[in-house]
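Structure data follow from my_file.cif (mmCIF, C-alpha atoms):
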```cif
data_structure
#
loop_
_atom_site.label_atom_id
_atom_site.label_comp_id
_atom_site.auth_asym_id
_atom_site.auth_seq_id
_atom_site.Cartn_x
_atom_site.Cartn_y
_atom_site.Cartn_z
CA MET A 1 0.00 0.00 0.00
CA PHE A 2 2.78 2.49 0.89
CA ALA A 3 5.31 0.92 -1.45
CA HIS A 4 5.94 4.15 -3.39
CA ILE A 5 7.19 5.88 -0.19
CA LEU A 6 9.75 3.20 0.65
CA PRO A 7 13.43 4.21 0.52
CA ALA A 8 13.96 2.29 -2.70
CA ASN A 9 11.48 4.53 -4.57
CA ILE A 10 12.24 7.74 -2.73
CA GLY A 11 14.57 8.98 -5.49
CA LYS A 12 11.88 8.65 -8.15
CA VAL A 13 9.37 10.56 -6.02
CA MET A 14 11.88 13.36 -5.31
CA ASN A 15 12.80 13.64 -8.98
CA SER A 16 9.16 13.90 -9.98
CA TRP A 17 8.80 16.90 -7.66
CA LYS A 18 11.71 18.67 -9.34
CA GLN A 19 9.99 18.68 -12.70
CA PRO A 20 8.97 22.23 -13.70
CA PHE A 21 5.30 22.95 -14.16
CA PRO A 22 4.25 23.09 -17.79
CA PRO A 23 3.84 26.69 -19.05
CA LEU A 24 0.30 28.01 -19.20
CA ILE A 25 0.77 29.17 -22.76
CA PRO A 26 3.18 26.95 -24.66
CA HIS A 27 5.70 28.86 -26.70
CA GLY A 28 6.91 27.82 -30.06
CA PRO A 29 6.08 28.14 -33.73
CA ALA A 30 2.63 26.59 -33.34
CA ASN A 31 1.56 29.19 -30.77
CA ALA A 32 3.33 32.29 -32.14
CA GLU A 33 0.14 34.07 -33.19
CA TYR A 34 -1.52 33.39 -29.81
CA SER A 35 1.49 34.86 -27.98
CA GLY A 36 1.27 38.05 -30.11
CA ILE A 37 -2.43 38.43 -29.30
CA ARG A 38 -1.66 38.13 -25.59
CA CYS A 39 0.94 40.89 -25.85
CA GLY A 40 -1.62 43.01 -27.68
CA TYR A 41 -4.12 42.60 -24.84
CA VAL A 42 -1.51 43.58 -22.28
CA PHE A 43 -0.63 46.67 -24.31
CA LEU A 44 -4.30 47.55 -24.78
CA LEU A 45 -5.03 47.23 -21.06
CA SER A 46 -1.93 49.30 -20.23
CA VAL A 47 -3.02 52.05 -22.60
CA LEU A 48 -6.57 52.01 -21.19
CA PHE A 49 -5.27 52.17 -17.62
CA ALA A 50 -2.93 55.07 -18.46
CA GLY A 51 -5.82 56.82 -20.25
CA VAL A 52 -8.10 56.50 -17.23
CA ILE A 53 -5.40 57.99 -15.00
CA ALA A 54 -4.81 60.86 -17.46
CA VAL A 55 -8.55 61.62 -17.64
CA ALA A 56 -8.82 61.58 -13.84
CA ILE A 57 -5.88 63.98 -13.49
CA THR A 58 -7.29 66.29 -16.17
CA ALA A 59 -10.74 66.32 -14.57
CA THR A 60 -9.22 67.08 -11.17
CA MET A 61 -7.19 69.98 -12.56
CA LEU A 62 -10.24 71.41 -14.35
CA MET A 63 -12.31 71.16 -11.16
CA LEU A 64 -9.59 72.87 -9.11
CA GLY A 65 -9.33 75.67 -11.69
CA TRP A 66 -13.07 76.20 -11.70
CA LEU A 67 -13.18 76.30 -7.89
CA ALA A 68 -10.31 78.81 -7.79
CA ILE A 69 -12.19 81.12 -10.19
CA ALA A 70 -15.39 80.82 -8.15
CA ASN A 71 -13.47 81.51 -4.94
CA SER A 72 -11.83 84.62 -6.39
CA GLN A 73 -15.23 85.97 -7.49
CA ILE A 74 -16.60 85.46 -3.98
CA MET A 75 -13.58 87.23 -2.49
CA GLN A 76 -14.05 90.18 -4.89
CA GLN A 77 -17.74 90.47 -4.03
CA SER A 78 -16.93 90.30 -0.32
CA SER A 79 -14.35 93.09 -0.53
CA LYS A 80 -16.76 95.23 -2.60
CA ALA A 81 -19.48 94.67 0.02
CA LEU A 82 -17.11 95.82 2.79
CA MET A 83 -16.10 98.87 0.75
CA LEU A 84 -19.77 99.76 0.26
CA ALA A 85 -20.50 99.34 3.96
CA GLN A 86 -17.57 101.58 4.90
CA SER A 87 -18.56 104.30 2.44
CA CYS A 88 -22.14 104.23 3.75
CA ALA A 89 -20.82 104.40 7.31
CA GLU A 90 -18.91 107.56 6.46
CA HIS A 91 -22.04 108.97 4.83
CA ALA A 92 -24.12 108.16 7.94
CA LEU A 93 -21.54 109.69 10.29
CA LEU A 94 -21.43 112.87 8.20
CA GLN A 95 -25.24 113.06 8.24
CA LEU A 96 -25.28 112.58 12.02
CA TYR A 97 -22.60 115.23 12.51
CA GLU A 98 -24.58 117.75 10.47
CA ASP A 99 -27.98 116.82 11.96
CA ASN A 100 -28.15 114.82 15.19
CA THR A 101 -31.81 113.92 14.44
CA TYR A 102 -30.76 111.87 11.40
CA ALA A 103 -32.68 108.58 11.66
CA GLY A 104 -30.90 106.49 9.03
CA LEU A 105 -33.23 104.10 7.15
CA GLU A 106 -31.47 104.90 3.91
CA SER A 107 -30.38 102.69 1.03
CA ILE A 108 -27.65 103.71 -1.41
CA THR A 109 -27.11 101.86 -4.68
CA ASN A 110 -24.17 102.04 -7.06
CA PHE A 111 -22.78 99.79 -9.79
CA ASP A 112 -20.96 97.51 -7.27
CA GLY A 113 -24.01 96.81 -5.12
CA THR A 114 -26.10 98.41 -2.41
CA CYS A 115 -25.67 99.45 1.18
CA ALA A 116 -28.34 100.02 3.76
CA ILE A 117 -28.15 102.31 6.76
CA LEU A 118 -30.41 100.88 9.43
CA ARG A 119 -32.26 102.92 12.04
CA VAL A 120 -29.76 104.96 14.05
CA GLY A 121 -29.96 104.15 17.74
CA GLY A 122 -29.91 106.64 20.58
CA ALA A 123 -30.75 110.34 20.63
CA GLY A 124 -28.93 113.60 21.09
CA ASN A 125 -25.18 114.16 21.07
CA GLU A 126 -24.00 111.05 22.97
CA ASN A 127 -24.19 107.26 22.87
CA ARG A 128 -25.40 106.74 19.32
CA THR A 129 -25.34 103.48 17.35
CA VAL A 130 -25.10 103.16 13.57
CA CYS A 131 -25.50 99.83 11.76
CA ILE A 132 -24.64 99.43 8.08
CA GLU A 133 -25.13 96.53 5.65
CA GLY A 134 -23.16 96.41 2.39
CA THR A 135 -24.20 93.88 -0.26
CA SER A 136 -22.43 92.98 -3.49
CA GLY A 137 -23.61 89.91 -5.37
CA ALA A 138 -24.18 87.16 -2.82
CA SER A 139 -21.87 88.70 -0.20
CA THR A 140 -23.11 90.85 2.68
CA ARG A 141 -20.85 92.61 5.18
CA ARG A 142 -22.17 94.33 8.32
CA LEU A 143 -20.64 97.16 10.35
CA GLU A 144 -21.76 98.16 13.81
CA ILE A 145 -20.52 101.57 14.98
CA VAL A 146 -20.99 102.86 18.52
CA LEU A 147 -20.38 106.60 18.94
CA GLN A 148 -19.44 108.10 22.26
CA ARG A 149 -20.28 111.64 21.10
CA LEU A 150 -21.02 113.64 17.94
CA LEU A 151 -19.94 117.19 18.81
CA PRO A 152 -17.56 119.03 18.85
CA SER A 153 -16.02 116.14 16.88
CA VAL A 154 -17.22 112.61 16.30
CA LEU A 155 -15.70 110.25 18.86
CA VAL A 156 -16.04 106.59 17.90
CA TYR A 157 -16.21 104.14 20.81
CA SER A 158 -16.17 101.03 18.59
CA TRP A 159 -16.24 100.27 14.87
CA GLN A 160 -16.44 96.58 14.11
CA GLU A 161 -17.56 94.14 11.49
CA VAL A 162 -20.16 91.71 12.85
CA LYS A 163 -22.03 88.66 11.61
CA MET A 164 -25.27 89.67 13.34
CA PHE A 165 -26.24 93.05 14.71
CA THR A 166 -26.53 93.20 18.49
CA SER A 167 -27.04 96.96 19.00
CA CYS A 168 -29.41 97.59 16.08
CA THR A 169 -32.72 96.27 14.83
CA TYR A 170 -33.93 95.60 11.32
CA ASP A 171 -36.83 97.92 10.44
#
```
Have the structure of the file written as structure tokens, please.
Amino acid sequence: MFAHILPANIGKVMNSWKQPFPPLIPHGPANAEYSGIRCGYVFLLSVLFAGVIAVAITATMLMLGWLAIANSQIMQQSSKALMLAQSCAEHALLQLYEDNTYAGLESITNFDGTCAILRVGGAGNENRTVCIEGTSGASTRRLEIVLQRLLPSVLVYSWQEVKMFTSCTYD
């Protein structure tokens, strides 16, 4: 039963293990055209793989370029909105300096956008609040200005950009 494992046959068994495995695709003149087709498939798959990578890189670069352009437009609109808010703030302060009963509630439009002066808080010469909204495109910037006094010269207690107004109301 175990005669093939006996020491007399051990050399034959060991030599049979040393035999190389037959090639999956036999080479030679009879299989020359099959070998060329296989190389063609490898080349075709390599070209397709390289093409997919090139398309992915190109699409990524186009997307990044488009996002950079969109981001720069948003930044331009935001800076224009701040410029509008600051110019309206100067206008409101000048109006308050000339007439301390100035109520605000004014909207100024130019080619870059609009700015709105909300209702001026407080009364008289001291402790006044001015809130301004500048809008350009989709960007809105808000300034909240607290004045300590108007006369003899305007004394600003705070001038800050805010996300939401805390000292003013929307009317």
Report summary line: re CA of Ile74 in chain A and CA of Phe165 in chain A: distance 22.4 Å
Report task. Go through the shown structure with the PyMOL selection byres ((chain A and resi 117) around 12) and write out the matching residues as JSON, numbers by chain. Result -> {"A": [84, 85, 86, 87, 88, 89, 90, 91, 92, 93, 95, 96, 102, 103, 104, 105, 106, 107, 108, 109, 114, 115, 116, 118, 119, 120, 121, 129, 130, 131, 132, 133, 134, 135, 142, 143, 144, 145, 168, 169, 170, 171]}
Go ahead and write the residues just picked, C-alpha atoms, as a PDB file, in the frame of the given file.
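Contents of selection26.pdb, freshly written:
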```
ATOM      1  CA  LEU A  84     -19.770  99.760   0.260  1.00  0.00           C
ATOM      2  CA  ALA A  85     -20.500  99.340   3.960  1.00  0.00           C
ATOM      3  CA  GLN A  86     -17.570 101.580   4.900  1.00  0.00           C
ATOM      4  CA  SER A  87     -18.560 104.300   2.440  1.00  0.00           C
ATOM      5  CA  CYS A  88     -22.140 104.230   3.750  1.00  0.00           C
ATOM      6  CA  ALA A  89     -20.820 104.400   7.310  1.00  0.00           C
ATOM      7  CA  GLU A  90     -18.910 107.560   6.460  1.00  0.00           C
ATOM      8  CA  HIS A  91     -22.040 108.970   4.830  1.00  0.00           C
ATOM      9  CA  ALA A  92     -24.120 108.160   7.940  1.00  0.00           C
ATOM     10  CA  LEU A  93     -21.540 109.690  10.290  1.00  0.00           C
ATOM     11  CA  GLN A  95     -25.240 113.060   8.240  1.00  0.00           C
ATOM     12  CA  LEU A  96     -25.280 112.580  12.020  1.00  0.00           C
ATOM     13  CA  TYR A 102     -30.760 111.870  11.400  1.00  0.00           C
ATOM     14  CA  ALA A 103     -32.680 108.580  11.660  1.00  0.00           C
ATOM     15  CA  GLY A 104     -30.900 106.490   9.030  1.00  0.00           C
ATOM     16  CA  LEU A 105     -33.230 104.100   7.150  1.00  0.00           C
ATOM     17  CA  GLU A 106     -31.470 104.900   3.910  1.00  0.00           C
ATOM     18  CA  SER A 107     -30.380 102.690   1.030  1.00  0.00           C
ATOM     19  CA  ILE A 108     -27.650 103.710  -1.410  1.00  0.00           C
ATOM     20  CA  THR A 109     -27.110 101.860  -4.680  1.00  0.00           C
ATOM     21  CA  THR A 114     -26.100  98.410  -2.410  1.00  0.00           C
ATOM     22  CA  CYS A 115     -25.670  99.450   1.180  1.00  0.00           C
ATOM     23  CA  ALA A 116     -28.340 100.020   3.760  1.00  0.00           C
ATOM     24  CA  LEU A 118     -30.410 100.880   9.430  1.00  0.00           C
ATOM     25  CA  ARG A 119     -32.260 102.920  12.040  1.00  0.00           C
ATOM     26  CA  VAL A 120     -29.760 104.960  14.050  1.00  0.00           C
ATOM     27  CA  GLY A 121     -29.960 104.150  17.740  1.00  0.00           C
ATOM     28  CA  THR A 129     -25.340 103.480  17.350  1.00  0.00           C
ATOM     29  CA  VAL A 130     -25.100 103.160  13.570  1.00  0.00           C
ATOM     30  CA  CYS A 131     -25.500  99.830  11.760  1.00  0.00           C
ATOM     31  CA  ILE A 132     -24.640  99.430   8.080  1.00  0.00           C
ATOM     32  CA  GLU A 133     -25.130  96.530   5.650  1.00  0.00           C
ATOM     33  CA  GLY A 134     -23.160  96.410   2.390  1.00  0.00           C
ATOM     34  CA  THR A 135     -24.200  93.880  -0.260  1.00  0.00           C
ATOM     35  CA  ARG A 142     -22.170  94.330   8.320  1.00  0.00           C
ATOM     36  CA  LEU A 143     -20.640  97.160  10.350  1.00  0.00           C
ATOM     37  CA  GLU A 144     -21.760  98.160  13.810  1.00  0.00           C
ATOM     38  CA  ILE A 145     -20.520 101.570  14.980  1.00  0.00           C
ATOM     39  CA  CYS A 168     -29.410  97.590  16.080  1.00  0.00           C
ATOM     40  CA  THR A 169     -32.720  96.270  14.830  1.00  0.00           C
ATOM     41  CA  TYR A 170     -33.930  95.600  11.320  1.00  0.00           C
ATOM     42  CA  ASP A 171     -36.830  97.920  10.440  1.00  0.00           C
TER      43      ASP A 171
END
```
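Picture a line from CA of Gly122 in chain A to CA of Lys163 in chain A; it runs 21.6 Å.
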Picked residues, the PyMOL selection byres ((chain A and resi 100) around 8), as an mmCIF file with C-alpha atoms, in the frame of the given file:
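out28.cif was written with the following content:
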```cif
data_model
loop_
_atom_site.group_PDB
_atom_site.id
_atom_site.type_symbol
_atom_site.label_atom_id
_atom_site.label_comp_id
_atom_site.auth_asym_id
_atom_site.auth_seq_id
_atom_site.Cartn_x
_atom_site.Cartn_y
_atom_site.Cartn_z
ATOM 1 C CA GLN A 95 -25.240 113.060 8.240
ATOM 2 C CA LEU A 96 -25.280 112.580 12.020
ATOM 3 C CA TYR A 97 -22.600 115.230 12.510
ATOM 4 C CA GLU A 98 -24.580 117.750 10.470
ATOM 5 C CA ASP A 99 -27.980 116.820 11.960
ATOM 6 C CA THR A 101 -31.810 113.920 14.440
ATOM 7 C CA TYR A 102 -30.760 111.870 11.400
ATOM 8 C CA ALA A 123 -30.750 110.340 20.630
ATOM 9 C CA GLY A 124 -28.930 113.600 21.090
ATOM 10 C CA ASN A 125 -25.180 114.160 21.070
ATOM 11 C CA LEU A 150 -21.020 113.640 17.940
#
```
Report task. Rank nothing, just name the residue among A:Ala50, A:Gly40, A:Val55, A:Gly137 nearest to Ser78 in chain A, using all atoms listed in the file. Result -> A:Gly137
Query raised in the report: What gap, in Å, lies between CA of Leu151 in chain A and CA of Ser167 in chain A?
Result: 21.4 Å
Expected axis-aligned box over every listed atom of range 51-57 of chain A, 5 Å added per side, centre plus edges in Å to one decimal, as AutoDock Vina command-line options:
```
--center_x -6.8 --center_y 60.2 --center_z -16.9 --size_x 14.0 --size_y 17.5 --size_z 16.8
```
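Taken over the shown file, the PyMOL selection byres ((chain A and resi 158) around 6) identifies Ile145, Val146, Val156, Tyr157 and Trp159 of chain A.
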